[in-house]
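input.cif (mmCIF, C-alpha atoms and all ligand atoms)
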```cif
data_my_file
loop_
_atom_site.group_PDB
_atom_site.id
_atom_site.type_symbol
_atom_site.label_atom_id
_atom_site.label_comp_id
_atom_site.auth_asym_id
_atom_site.auth_seq_id
_atom_site.Cartn_x
_atom_site.Cartn_y
_atom_site.Cartn_z
ATOM 1 C CA MET C 1 104.979 67.109 121.775
ATOM 2 C CA GLU C 2 107.994 69.069 120.458
ATOM 3 C CA LYS C 3 106.982 72.344 118.828
ATOM 4 C CA LEU C 4 108.046 72.880 115.197
ATOM 5 C CA LEU C 5 110.206 75.930 115.948
ATOM 6 C CA ALA C 6 111.450 75.041 119.435
ATOM 7 C CA ASN C 7 114.786 76.622 120.388
ATOM 8 C CA GLN C 8 114.791 78.926 117.360
ATOM 9 C CA VAL C 9 114.774 82.722 117.268
ATOM 10 C CA ALA C 10 112.560 84.572 114.775
ATOM 11 C CA LEU C 11 112.761 88.260 113.914
ATOM 12 C CA ILE C 12 109.669 89.840 112.330
ATOM 13 C CA THR C 13 109.694 93.384 110.935
ATOM 14 C CA GLY C 14 106.534 95.473 111.134
ATOM 15 C CA ALA C 15 105.137 93.315 113.941
ATOM 16 C CA SER C 16 103.015 96.005 115.587
ATOM 17 C CA SER C 17 100.038 95.441 113.314
ATOM 18 C CA GLY C 18 98.234 93.170 110.876
ATOM 19 C CA ILE C 19 100.145 90.355 109.206
ATOM 20 C CA GLY C 20 103.412 90.961 111.093
ATOM 21 C CA TYR C 21 101.569 90.756 114.405
ATOM 22 C CA GLY C 22 99.777 87.561 113.350
ATOM 23 C CA VAL C 23 102.943 85.940 112.023
ATOM 24 C CA ALA C 24 104.847 86.803 115.216
ATOM 25 C CA LYS C 25 102.112 85.226 117.314
ATOM 26 C CA ALA C 26 102.066 82.076 115.169
ATOM 27 C CA LEU C 27 105.854 81.671 115.275
ATOM 28 C CA ALA C 28 105.810 82.146 119.059
ATOM 29 C CA ASP C 29 102.994 79.572 119.375
ATOM 30 C CA ALA C 30 105.228 77.180 117.389
ATOM 31 C CA GLY C 31 107.942 77.580 120.035
ATOM 32 C CA ALA C 32 110.200 80.306 118.627
ATOM 33 C CA ALA C 33 111.556 83.152 120.704
ATOM 34 C CA VAL C 34 110.499 86.253 118.817
ATOM 35 C CA VAL C 35 111.923 89.693 118.131
ATOM 36 C CA LEU C 36 109.021 92.044 117.399
ATOM 37 C CA ASN C 37 110.176 95.012 115.354
ATOM 38 C CA TYR C 38 108.063 98.156 115.427
ATOM 39 C CA HIS C 39 108.511 101.413 113.542
ATOM 40 C CA SER C 40 107.202 104.019 115.930
ATOM 41 C CA HIS C 41 104.416 102.717 118.206
ATOM 42 C CA SER C 42 105.717 100.205 120.724
ATOM 43 C CA GLY C 43 102.308 99.586 122.348
ATOM 44 C CA PRO C 44 101.011 96.533 120.452
ATOM 45 C CA ASP C 45 104.474 94.939 120.291
ATOM 46 C CA GLU C 46 105.095 95.399 124.012
ATOM 47 C CA LYS C 47 101.636 93.953 124.768
ATOM 48 C CA LEU C 48 102.212 90.928 122.522
ATOM 49 C CA ALA C 49 105.699 90.418 124.005
ATOM 50 C CA ASP C 50 104.156 90.421 127.508
ATOM 51 C CA GLU C 51 101.454 87.930 126.461
ATOM 52 C CA ILE C 52 104.029 85.601 124.918
ATOM 53 C CA GLU C 53 106.245 85.750 128.011
ATOM 54 C CA GLN C 54 103.276 85.148 130.317
ATOM 55 C CA ALA C 55 102.426 82.069 128.261
ATOM 56 C CA GLY C 56 105.957 80.744 128.877
ATOM 57 C CA GLY C 57 107.593 81.968 125.669
ATOM 58 C CA SER C 58 110.293 84.556 125.009
ATOM 59 C CA ALA C 59 109.812 87.851 123.200
ATOM 60 C CA VAL C 60 111.264 91.316 122.930
ATOM 61 C CA ALA C 61 110.060 94.451 121.111
ATOM 62 C CA ILE C 62 112.708 96.534 119.320
ATOM 63 C CA GLN C 63 112.270 99.815 117.427
ATOM 64 C CA ALA C 64 113.740 100.249 113.937
ATOM 65 C CA ASP C 65 112.815 101.912 110.664
ATOM 66 C CA VAL C 66 113.601 99.198 108.096
ATOM 67 C CA SER C 67 114.539 101.784 105.472
ATOM 68 C CA ASP C 68 117.429 103.053 107.618
ATOM 69 C CA PRO C 69 120.622 100.941 107.459
ATOM 70 C CA ALA C 70 121.881 102.027 110.885
ATOM 71 C CA GLN C 71 118.554 101.180 112.541
ATOM 72 C CA VAL C 72 118.418 97.762 110.854
ATOM 73 C CA ALA C 73 121.975 97.051 112.036
ATOM 74 C CA ASN C 74 120.934 98.059 115.547
ATOM 75 C CA LEU C 75 117.860 95.775 115.328
ATOM 76 C CA PHE C 76 120.074 92.762 114.621
ATOM 77 C CA ASP C 77 122.685 93.801 117.233
ATOM 78 C CA ALA C 78 119.951 94.112 119.869
ATOM 79 C CA SER C 79 118.443 90.748 118.855
ATOM 80 C CA ARG C 80 121.849 89.086 119.153
ATOM 81 C CA ALA C 81 122.394 90.715 122.547
ATOM 82 C CA ARG C 82 119.019 89.405 123.782
ATOM 83 C CA PHE C 83 118.886 85.933 122.233
ATOM 84 C CA GLY C 84 122.441 85.178 120.981
ATOM 85 C CA GLY C 85 121.454 84.901 117.320
ATOM 86 C CA VAL C 86 118.625 84.699 114.813
ATOM 87 C CA ASP C 87 117.406 81.616 112.877
ATOM 88 C CA ILE C 88 114.328 82.965 111.041
ATOM 89 C CA VAL C 89 113.755 86.418 109.547
ATOM 90 C CA VAL C 90 110.396 87.593 108.214
ATOM 91 C CA ALA C 91 110.830 90.774 106.130
ATOM 92 C CA ASN C 92 107.256 91.946 106.464
ATOM 93 C CA ALA C 93 107.166 95.723 107.049
ATOM 94 C CA GLY C 94 105.401 97.564 104.265
ATOM 95 C CA LEU C 95 102.956 100.309 103.373
ATOM 96 C CA GLN C 96 100.782 101.758 100.631
ATOM 97 C CA LYS C 97 100.634 105.389 99.431
ATOM 98 C CA ASP C 98 98.037 105.211 96.691
ATOM 99 C CA SER C 99 97.196 107.726 94.003
ATOM 100 C CA PRO C 100 96.500 107.996 90.304
ATOM 101 C CA PHE C 101 99.790 107.799 88.422
ATOM 102 C CA ALA C 102 99.957 111.391 87.168
ATOM 103 C CA ASP C 103 99.326 112.721 90.682
ATOM 104 C CA MET C 104 101.788 110.461 92.476
ATOM 105 C CA THR C 105 104.419 112.510 94.247
ATOM 106 C CA LEU C 106 108.084 111.594 94.118
ATOM 107 C CA HIS C 107 107.927 111.467 97.909
ATOM 108 C CA ASP C 108 105.220 108.771 97.886
ATOM 109 C CA TRP C 109 107.005 106.823 95.152
ATOM 110 C CA GLN C 110 110.252 106.868 97.156
ATOM 111 C CA LEU C 111 108.610 106.174 100.520
ATOM 112 C CA VAL C 112 106.960 102.996 99.236
ATOM 113 C CA LEU C 113 110.054 101.770 97.409
ATOM 114 C CA SER C 114 112.380 102.577 100.314
ATOM 115 C CA THR C 115 110.148 100.751 102.811
ATOM 116 C CA ASN C 116 108.839 97.798 100.788
ATOM 117 C CA LEU C 117 111.878 97.048 98.618
ATOM 118 C CA THR C 118 114.961 98.707 100.149
ATOM 119 C CA GLY C 119 113.641 97.774 103.598
ATOM 120 C CA GLN C 120 113.606 94.099 102.612
ATOM 121 C CA PHE C 121 117.069 94.459 101.017
ATOM 122 C CA LEU C 122 118.505 95.853 104.265
ATOM 123 C CA THR C 123 116.686 93.313 106.446
ATOM 124 C CA CYS C 124 117.712 90.325 104.324
ATOM 125 C CA GLN C 125 121.310 91.509 103.982
ATOM 126 C CA ALA C 126 121.595 91.794 107.767
ATOM 127 C CA ALA C 127 119.971 88.338 108.072
ATOM 128 C CA VAL C 128 122.459 86.663 105.715
ATOM 129 C CA LYS C 129 125.397 88.238 107.582
ATOM 130 C CA GLU C 130 123.933 87.106 110.904
ATOM 131 C CA PHE C 131 123.404 83.494 109.717
ATOM 132 C CA ARG C 132 127.016 83.379 108.459
ATOM 133 C CA ARG C 133 128.376 84.857 111.713
ATOM 134 C CA ARG C 134 126.520 82.332 113.862
ATOM 135 C CA GLY C 135 127.195 79.294 111.685
ATOM 136 C CA PRO C 136 125.297 75.969 111.683
ATOM 137 C CA THR C 137 123.229 74.906 114.670
ATOM 138 C CA SER C 138 121.429 71.750 115.705
ATOM 139 C CA VAL C 139 118.001 73.458 115.769
ATOM 140 C CA SER C 140 117.397 73.392 112.004
ATOM 141 C CA LYS C 141 118.725 71.729 108.865
ATOM 142 C CA ALA C 142 119.165 75.156 107.255
ATOM 143 C CA LEU C 143 121.756 77.737 108.238
ATOM 144 C CA GLY C 144 118.893 80.226 108.266
ATOM 145 C CA LYS C 145 115.462 80.918 106.825
ATOM 146 C CA ILE C 146 114.185 84.139 105.268
ATOM 147 C CA ILE C 147 110.552 84.843 104.390
ATOM 148 C CA CYS C 148 109.863 87.913 102.250
ATOM 149 C CA MET C 149 106.324 89.287 102.542
ATOM 150 C CA SER C 150 105.322 89.849 98.956
ATOM 151 C CA SER C 151 101.759 90.179 97.600
ATOM 152 C CA VAL C 152 99.527 88.945 94.839
ATOM 153 C CA HIS C 153 100.591 92.269 93.301
ATOM 154 C CA GLU C 154 103.982 90.785 92.499
ATOM 155 C CA VAL C 155 102.050 89.404 89.497
ATOM 156 C CA ILE C 156 98.685 91.248 89.390
ATOM 157 C CA PRO C 157 99.012 94.766 87.933
ATOM 158 C CA TRP C 158 97.309 97.392 90.101
ATOM 159 C CA ALA C 159 96.143 100.695 88.630
ATOM 160 C CA GLY C 160 96.321 103.546 91.120
ATOM 161 C CA HIS C 161 99.071 101.737 93.025
ATOM 162 C CA VAL C 162 102.087 101.742 90.683
ATOM 163 C CA ASN C 163 104.556 102.402 93.498
ATOM 164 C CA TYR C 164 103.227 99.477 95.550
ATOM 165 C CA ALA C 165 102.967 97.050 92.609
ATOM 166 C CA ALA C 166 106.487 98.020 91.476
ATOM 167 C CA SER C 167 107.802 97.297 94.982
ATOM 168 C CA LYS C 168 106.185 93.844 95.089
ATOM 169 C CA GLY C 169 107.185 93.047 91.499
ATOM 170 C CA GLY C 170 110.696 93.923 92.660
ATOM 171 C CA ILE C 171 110.407 91.552 95.609
ATOM 172 C CA GLN C 172 109.660 88.678 93.217
ATOM 173 C CA MET C 173 113.052 88.862 91.488
ATOM 174 C CA PHE C 174 114.870 90.106 94.590
ATOM 175 C CA MET C 175 113.760 87.002 96.485
ATOM 176 C CA LYS C 176 114.536 84.539 93.688
ATOM 177 C CA SER C 177 117.971 86.052 92.926
ATOM 178 C CA LEU C 178 118.903 86.061 96.602
ATOM 179 C CA ALA C 179 117.613 82.501 97.037
ATOM 180 C CA GLN C 180 119.765 81.328 94.138
ATOM 181 C CA GLU C 181 122.831 83.095 95.567
ATOM 182 C CA VAL C 182 122.672 81.804 99.142
ATOM 183 C CA ALA C 183 121.089 78.340 98.718
ATOM 184 C CA PRO C 184 124.557 76.682 98.489
ATOM 185 C CA GLU C 185 125.117 77.888 102.076
ATOM 186 C CA ARG C 186 121.835 76.240 103.082
ATOM 187 C CA ILE C 187 120.077 79.542 103.599
ATOM 188 C CA ARG C 188 116.483 79.153 102.432
ATOM 189 C CA VAL C 189 114.797 82.247 101.027
ATOM 190 C CA ASN C 190 111.107 82.172 100.047
ATOM 191 C CA SER C 191 108.165 84.561 99.810
ATOM 192 C CA ILE C 192 104.584 84.524 100.958
ATOM 193 C CA ALA C 193 102.253 86.385 98.593
ATOM 194 C CA PRO C 194 99.056 87.147 100.500
ATOM 195 C CA GLY C 195 95.826 88.054 98.764
ATOM 196 C CA ALA C 196 93.388 90.349 100.548
ATOM 197 C CA ILE C 197 93.953 89.919 104.288
ATOM 198 C CA ARG C 198 91.840 91.886 106.765
ATOM 199 C CA THR C 199 94.326 94.426 108.229
ATOM 200 C CA PRO C 200 94.578 98.209 108.584
ATOM 201 C CA ILE C 201 96.446 98.517 105.242
ATOM 202 C CA ASN C 202 93.264 97.766 103.250
ATOM 203 C CA ARG C 203 90.538 98.867 105.675
ATOM 204 C CA ASP C 204 88.683 100.677 102.872
ATOM 205 C CA ALA C 205 88.294 97.335 101.070
ATOM 206 C CA TRP C 206 86.404 95.585 103.902
ATOM 207 C CA ASP C 207 84.944 98.039 106.397
ATOM 208 C CA SER C 208 81.599 98.409 104.656
ATOM 209 C CA GLN C 209 79.364 95.658 103.283
ATOM 210 C CA ALA C 210 79.437 97.253 99.811
ATOM 211 C CA ALA C 211 83.234 97.306 99.763
ATOM 212 C CA LEU C 212 83.450 93.742 101.057
ATOM 213 C CA ASP C 213 80.973 92.479 98.443
ATOM 214 C CA LYS C 214 83.058 94.119 95.701
ATOM 215 C CA LEU C 215 86.253 92.601 97.105
ATOM 216 C CA LEU C 216 84.729 89.116 97.333
ATOM 217 C CA ARG C 217 84.116 89.144 93.581
ATOM 218 C CA LEU C 218 87.914 88.922 93.258
ATOM 219 C CA ILE C 219 88.262 85.932 95.610
ATOM 220 C CA PRO C 220 87.031 82.551 94.278
ATOM 221 C CA TYR C 221 87.203 80.969 97.735
ATOM 222 C CA GLY C 222 84.585 83.448 98.937
ATOM 223 C CA ARG C 223 86.111 84.943 102.044
ATOM 224 C CA ILE C 224 88.611 87.623 102.980
ATOM 225 C CA GLY C 225 91.861 86.302 104.476
ATOM 226 C CA ALA C 226 92.800 86.443 108.153
ATOM 227 C CA VAL C 227 96.271 87.054 109.551
ATOM 228 C CA GLU C 228 96.158 83.503 110.944
ATOM 229 C CA ASP C 229 96.128 82.186 107.347
ATOM 230 C CA ILE C 230 99.484 83.865 106.797
ATOM 231 C CA GLY C 231 100.812 82.874 110.238
ATOM 232 C CA LYS C 232 100.277 79.171 109.494
ATOM 233 C CA ALA C 233 102.050 79.460 106.141
ATOM 234 C CA ALA C 234 104.947 81.273 107.814
ATOM 235 C CA VAL C 235 105.370 78.551 110.455
ATOM 236 C CA TRP C 236 105.589 75.912 107.735
ATOM 237 C CA LEU C 237 108.012 77.906 105.564
ATOM 238 C CA ALA C 238 110.217 78.637 108.583
ATOM 239 C CA SER C 239 110.334 75.014 109.735
ATOM 240 C CA ASP C 240 112.257 71.967 108.535
ATOM 241 C CA GLU C 241 108.916 70.633 107.214
ATOM 242 C CA SER C 242 109.657 72.799 104.146
ATOM 243 C CA ASP C 243 113.409 72.061 104.057
ATOM 244 C CA TYR C 244 113.428 71.426 100.274
ATOM 245 C CA VAL C 245 111.427 74.574 99.458
ATOM 246 C CA VAL C 246 113.844 77.174 98.097
ATOM 247 C CA GLY C 247 113.134 80.343 96.093
ATOM 248 C CA THR C 248 109.379 79.806 95.930
ATOM 249 C CA THR C 249 106.518 82.256 96.273
ATOM 250 C CA LEU C 250 103.688 80.681 98.257
ATOM 251 C CA PHE C 251 100.429 82.384 97.248
ATOM 252 C CA VAL C 252 97.957 82.454 100.158
ATOM 253 C CA ASP C 253 95.148 84.279 98.425
ATOM 254 C CA GLY C 254 91.887 82.286 98.264
ATOM 255 C CA GLY C 255 92.446 82.018 94.515
ATOM 256 C CA MET C 256 92.799 85.728 93.777
ATOM 257 C CA THR C 257 95.535 84.983 91.246
ATOM 258 C CA LEU C 258 93.270 82.572 89.300
ATOM 259 C CA TYR C 259 91.852 85.306 87.003
ATOM 260 C CA PRO C 260 88.361 85.119 88.584
ATOM 261 C CA GLY C 261 87.021 87.412 85.839
ATOM 262 C CA PHE C 262 87.264 84.391 83.504
ATOM 263 C CA SER C 263 85.259 82.054 85.732
ATOM 264 C CA ASP C 264 82.056 82.679 83.734
ATOM 265 C CA ASN C 265 83.523 82.215 80.251
ATOM 266 C CA GLY C 266 85.424 85.547 80.412
HETATM 267 P P1 LIG V 1 99.683 96.975 108.373
HETATM 268 O O1 LIG V 1 99.596 98.394 107.965
HETATM 269 O O2 LIG V 1 98.719 96.434 109.347
HETATM 270 O O3 LIG V 1 101.147 96.646 108.925
HETATM 271 C C1 LIG V 1 102.304 97.158 108.341
HETATM 272 C C2 LIG V 1 103.390 97.160 109.368
HETATM 273 O O4 LIG V 1 104.614 97.646 108.772
HETATM 274 C C3 LIG V 1 103.074 98.082 110.545
HETATM 275 O O5 LIG V 1 103.447 97.410 111.738
HETATM 276 C C4 LIG V 1 103.967 99.279 110.299
HETATM 277 O O6 LIG V 1 104.353 99.965 111.472
HETATM 278 C C5 LIG V 1 105.161 98.591 109.659
HETATM 279 N N1 LIG V 1 106.040 99.522 108.954
HETATM 280 C C6 LIG V 1 105.713 100.398 107.972
HETATM 281 N N2 LIG V 1 106.805 101.102 107.617
HETATM 282 C C7 LIG V 1 107.834 100.646 108.379
HETATM 283 C C8 LIG V 1 109.195 100.970 108.497
HETATM 284 N N3 LIG V 1 109.763 101.925 107.733
HETATM 285 N N4 LIG V 1 109.963 100.297 109.392
HETATM 286 C C9 LIG V 1 109.414 99.335 110.175
HETATM 287 N N5 LIG V 1 108.129 98.997 110.121
HETATM 288 C C10 LIG V 1 107.349 99.641 109.238
HETATM 289 O O7 LIG V 1 99.623 96.151 107.012
HETATM 290 P P2 LIG V 1 99.699 94.574 106.731
HETATM 291 O O8 LIG V 1 98.567 94.259 105.882
HETATM 292 O O9 LIG V 1 99.905 93.829 107.970
HETATM 293 O O10 LIG V 1 101.005 94.529 105.816
HETATM 294 C C11 LIG V 1 102.159 93.760 106.163
HETATM 295 C C12 LIG V 1 102.839 93.311 104.887
HETATM 296 O O11 LIG V 1 101.966 92.449 104.177
HETATM 297 C C13 LIG V 1 103.211 94.437 103.933
HETATM 298 O O12 LIG V 1 104.472 94.169 103.349
HETATM 299 C C14 LIG V 1 102.124 94.377 102.885
HETATM 300 O O13 LIG V 1 102.565 94.871 101.643
HETATM 301 C C15 LIG V 1 101.876 92.879 102.835
HETATM 302 N N6 LIG V 1 100.605 92.480 102.273
HETATM 303 C C16 LIG V 1 99.406 92.777 102.874
HETATM 304 C C17 LIG V 1 98.215 92.319 102.336
HETATM 305 C C18 LIG V 1 96.896 92.577 102.933
HETATM 306 O O14 LIG V 1 95.879 92.332 102.244
HETATM 307 N N7 LIG V 1 96.788 93.040 104.168
HETATM 308 C C19 LIG V 1 98.212 91.536 101.096
HETATM 309 C C20 LIG V 1 99.522 91.328 100.514
HETATM 310 C C21 LIG V 1 100.652 91.767 101.098
HETATM 311 C C1 LIG V 2 97.428 95.081 99.460
HETATM 312 C C2 LIG V 2 96.006 95.122 99.945
HETATM 313 C C3 LIG V 2 95.086 94.417 98.975
HETATM 314 C C4 LIG V 2 95.621 93.045 98.607
HETATM 315 C C5 LIG V 2 94.798 92.388 97.496
HETATM 316 C C6 LIG V 2 97.819 93.672 99.143
HETATM 317 O O1 LIG V 2 99.141 93.623 98.691
HETATM 318 O O2 LIG V 2 98.300 95.621 100.447
HETATM 319 O O3 LIG V 2 95.587 96.469 100.095
HETATM 320 O O4 LIG V 2 93.798 94.266 99.554
HETATM 321 O O5 LIG V 2 96.951 93.144 98.160
HETATM 322 O O6 LIG V 2 94.583 93.248 96.408
#
```

What does the file become when written as structure tokens?
Ligand code: NAI
Ligand code: BGC
Amino acid sequence: MEKLLANQVALITGASSGIGYGVAKALADAGAAVVLNYHSHSGPDEKLADEIEQAGGSAVAIQADVSDPAQVANLFDASRARFGGVDIVVANAGLQKDSPFADMTLHDWQLVLSTNLTGQFLTCQAAVKEFRRRGPTSVSKALGKIICMSSVHEVIPWAGHVNYAASKGGIQMFMKSLAQEVAPERIRVNSIAPGAIRTPINRDAWDSQAALDKLLRLIPYGRIGAVEDIGKAAVWLASDESDYVVGTTLFVDGGMTLYPGFSDNG
């Protein structure tokens, strides 16, 4: 049976860990050749690239800091050199630097904004230019597909995390404005907004039973998310199965955005 993403090339930023790693694996399983971007530690990316190649797929690991324009340009140049072009871009790289508001340093404010928001700006701008350069292909109805990794915190305020919530709130309008601008060229831009997914970014929220119990009170569906939940959503959003889905945020959150505090009459 033909795989959903056969003969397509997908580039995933921040693929050395967590959601990026899981999304890269899912896109490769769906038949895409994958470019695994890592920031500084090539180990997990190189290992995943080897596994994908041994399973008959195609993968390459490429270093780049997504907040640096020259490194993002190099990431796309190297992807083009390896695979001839890119069809799917997942702007996933992100981080948290949490602190009470009055104690938040300008450094931590700027680091989060420059990675989570400017990083997606640079990645998506390079993606749009690459789709235009390559032109239409027979592998997909769209000229290109972009998936922005947002968060439930694009809509849920988060005390103690104003830098992070501001970055994801920014992604909401960034994604929609970009989607509106490039849809006439048949470039589809959408977001995935994960709820709590078990990764290193939120280890404190799940690595003890007490923390997990507290977290589960925020999740009506009663379980923490797995990176595979996000991988499956990414495959669908990247494929022609979602060809009419444009400028949408797909919440994959076990109901976290359903105001669970009101479930017992508020
Ligand atoms: P993670 O910490 O496991 O992975 C983050 C990845 O981003 C790492 O591979 C890291 O090296 C990379 N990265 C950080 N700064 C970078 C830079 N300047 N250049 C290139 N890569 C960089 O965390 P996780 O959970 O996998 O996060 C991935 C994305 O998912 C982030 O955008 C995060 O905001 C988002 N997210 C995560 C949720 C969760 O519950 N785990 C929920 C909602 C959104
Ligand atoms: C954050 C996680 C958090 C989740 C749900 C994500 O955006 O990165 O730390 O567990 O939202 O609150």

Pick out the residues sitting within 7 Å of region 10-27 of chain C, and hand them over as a ChimeraX atom specification; count all atoms listed in the file, and ignore anything fewer than 6 positions along from it in its own chain.
-> /C:33-39,44-45,86-93,199-200,227-228,230-232,234-235

Convert the output of the PyMOL selection byres (((chain C and resi 251-263) around 10) and not hetatm) on the shown file into explicit residues, formatted as number ranges by chain.
-> C: 150-153, 155-156, 191-197, 216-225, 229-230, 233, 248-250, 264-266

Residue nearest Asn7 (chain C) among C:Ser239, C:Ser167, C:Gln125, C:Gln180 (counting all atoms listed in the file) =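 Of the candidates, the smallest distance to Asn7 (chain C) is held by C:Ser239.
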
Distance in Å - CA of Asp204 (chain C) versus CA of Asn116 (chain C) |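 Separation of CA of Asp204 (chain C) and CA of Asn116 (chain C): 20.5 Å.
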
Once 8 Å is added on each side, what are the centre and the three edge lengths, in Å to one decimal, of the axis-aligned box enclosing the listed atoms of ligand LIG 1 (chain V)? Present them as AutoDock Vina command-line options.
```
--center_x 102.9 --center_y 96.6 --center_z 106.1 --size_x 30.1 --size_y 26.6 --size_z 27.2
```

Of the listed residues C:Ser67, C:Gly85, C:Val128, C:Cys148, that which approaches Val112 (chain C) most closely, counting only C-alpha atoms | C:Ser67

Closest of C:Asp29, C:Glu130, C:Glu51, C:Asp243 to Ala183 (chain C) - atom-to-atom distances counting all atoms listed in the file = C:Asp243

Output the residue selection produced by the PyMOL selection byres (((chain C and resi 141) around 12) and not hetatm) on the file above, formatted as a PDB file with C-alpha atoms, keeping the file's coordinate frame.
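Saved file out04.pdb follows:
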```
ATOM      1  CA  LEU C   5     110.206  75.930 115.948  1.00  0.00           C
ATOM      2  CA  GLN C   8     114.791  78.926 117.360  1.00  0.00           C
ATOM      3  CA  ASP C  87     117.406  81.616 112.877  1.00  0.00           C
ATOM      4  CA  GLY C 135     127.195  79.294 111.685  1.00  0.00           C
ATOM      5  CA  PRO C 136     125.297  75.969 111.683  1.00  0.00           C
ATOM      6  CA  THR C 137     123.229  74.906 114.670  1.00  0.00           C
ATOM      7  CA  SER C 138     121.429  71.750 115.705  1.00  0.00           C
ATOM      8  CA  VAL C 139     118.001  73.458 115.769  1.00  0.00           C
ATOM      9  CA  SER C 140     117.397  73.392 112.004  1.00  0.00           C
ATOM     10  CA  ALA C 142     119.165  75.156 107.255  1.00  0.00           C
ATOM     11  CA  LEU C 143     121.756  77.737 108.238  1.00  0.00           C
ATOM     12  CA  GLY C 144     118.893  80.226 108.266  1.00  0.00           C
ATOM     13  CA  LYS C 145     115.462  80.918 106.825  1.00  0.00           C
ATOM     14  CA  GLU C 185     125.117  77.888 102.076  1.00  0.00           C
ATOM     15  CA  ARG C 186     121.835  76.240 103.082  1.00  0.00           C
ATOM     16  CA  ILE C 187     120.077  79.542 103.599  1.00  0.00           C
ATOM     17  CA  ARG C 188     116.483  79.153 102.432  1.00  0.00           C
ATOM     18  CA  ALA C 238     110.217  78.637 108.583  1.00  0.00           C
ATOM     19  CA  SER C 239     110.334  75.014 109.735  1.00  0.00           C
ATOM     20  CA  ASP C 240     112.257  71.967 108.535  1.00  0.00           C
ATOM     21  CA  GLU C 241     108.916  70.633 107.214  1.00  0.00           C
ATOM     22  CA  SER C 242     109.657  72.799 104.146  1.00  0.00           C
ATOM     23  CA  ASP C 243     113.409  72.061 104.057  1.00  0.00           C
ATOM     24  CA  TYR C 244     113.428  71.426 100.274  1.00  0.00           C
TER      25      TYR C 244
END
```

Which is closer to Ile62 (chain C) than all the others in C:Leu75, C:Asp207, C:Asn202, C:Asp50, using all atoms listed in the file?
->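 The answer is C:Leu75, which sits nearest to Ile62 (chain C).
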
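Proximity to Val60 (chain C) was assessed for C:His161, C:His107, C:Lys47, C:Arg133 counting only C-alpha atoms; the smallest distance is recorded for C:Lys47.
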
What is the distance between CA of Thr118 (chain C) and CA of Asp65 (chain C), in Å to one decimal?
->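 One can read the CA of Thr118 (chain C) to CA of Asp65 (chain C) distance as 11.2 Å.
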
So what do you get for CA of Trp109 (chain C) versus atom O9 of ligand LIG 1 (chain V), distance-wise?
-> 19.6 Å

Please evaluate the PyMOL selection byres (((chain C and resi 98) around 12) and not hetatm) against the displayed coordinates and give the resulting residues as a count of residues only.
-> 25

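Between ligand LIG 1 (chain V) and the candidates C:Arg80, C:Lys129, C:Lys176, C:His41, the tightest atom-to-atom separation, counting only C-alpha atoms and all ligand atoms, involves C:His41.
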
Only N, CA, C and O atoms, please: region 93-101 of chain C from the block, as a PDB file, in the first residue's frame.
```
ATOM      1  N   ALA C  93      11.136  23.397  17.163  1.00  0.00           N
ATOM      2  CA  ALA C  93      12.115  23.694  18.226  1.00  0.00           C
ATOM      3  C   ALA C  93      11.563  24.718  19.211  1.00  0.00           C
ATOM      4  O   ALA C  93      10.943  25.707  18.806  1.00  0.00           O
ATOM      5  N   GLY C  94      11.771  24.456  20.489  1.00  0.00           N
ATOM      6  CA  GLY C  94      11.282  25.401  21.490  1.00  0.00           C
ATOM      7  C   GLY C  94      11.814  25.057  22.863  1.00  0.00           C
ATOM      8  O   GLY C  94      12.349  23.971  23.094  1.00  0.00           O
ATOM      9  N   LEU C  95      11.696  26.005  23.782  1.00  0.00           N
ATOM     10  CA  LEU C  95      12.163  25.779  25.149  1.00  0.00           C
ATOM     11  C   LEU C  95      11.370  26.631  26.139  1.00  0.00           C
ATOM     12  O   LEU C  95      10.608  27.516  25.745  1.00  0.00           O
ATOM     13  N   GLN C  96      11.555  26.297  27.406  1.00  0.00           N
ATOM     14  CA  GLN C  96      10.973  27.054  28.512  1.00  0.00           C
ATOM     15  C   GLN C  96      12.106  27.588  29.394  1.00  0.00           C
ATOM     16  O   GLN C  96      13.106  26.903  29.606  1.00  0.00           O
ATOM     17  N   LYS C  97      11.962  28.779  29.906  1.00  0.00           N
ATOM     18  CA  LYS C  97      12.839  29.348  30.940  1.00  0.00           C
ATOM     19  C   LYS C  97      11.904  30.034  31.923  1.00  0.00           C
ATOM     20  O   LYS C  97      11.547  31.195  31.755  1.00  0.00           O
ATOM     21  N   ASP C  98      11.461  29.254  32.915  1.00  0.00           N
ATOM     22  CA  ASP C  98      10.360  29.687  33.772  1.00  0.00           C
ATOM     23  C   ASP C  98      10.844  30.469  34.987  1.00  0.00           C
ATOM     24  O   ASP C  98      11.873  30.142  35.561  1.00  0.00           O
ATOM     25  N   SER C  99      10.044  31.466  35.356  1.00  0.00           N
ATOM     26  CA  SER C  99      10.296  32.145  36.637  1.00  0.00           C
ATOM     27  C   SER C  99       9.140  33.086  36.936  1.00  0.00           C
ATOM     28  O   SER C  99       8.414  33.490  36.018  1.00  0.00           O
ATOM     29  N   PRO C 100       8.973  33.424  38.220  1.00  0.00           N
ATOM     30  CA  PRO C 100       7.972  34.440  38.528  1.00  0.00           C
ATOM     31  C   PRO C 100       8.279  35.711  37.734  1.00  0.00           C
ATOM     32  O   PRO C 100       9.452  36.023  37.482  1.00  0.00           O
ATOM     33  N   PHE C 101       7.238  36.437  37.387  1.00  0.00           N
ATOM     34  CA  PHE C 101       7.386  37.566  36.458  1.00  0.00           C
ATOM     35  C   PHE C 101       8.443  38.575  36.911  1.00  0.00           C
ATOM     36  O   PHE C 101       9.309  38.974  36.134  1.00  0.00           O
TER      37      PHE C 101
END
```
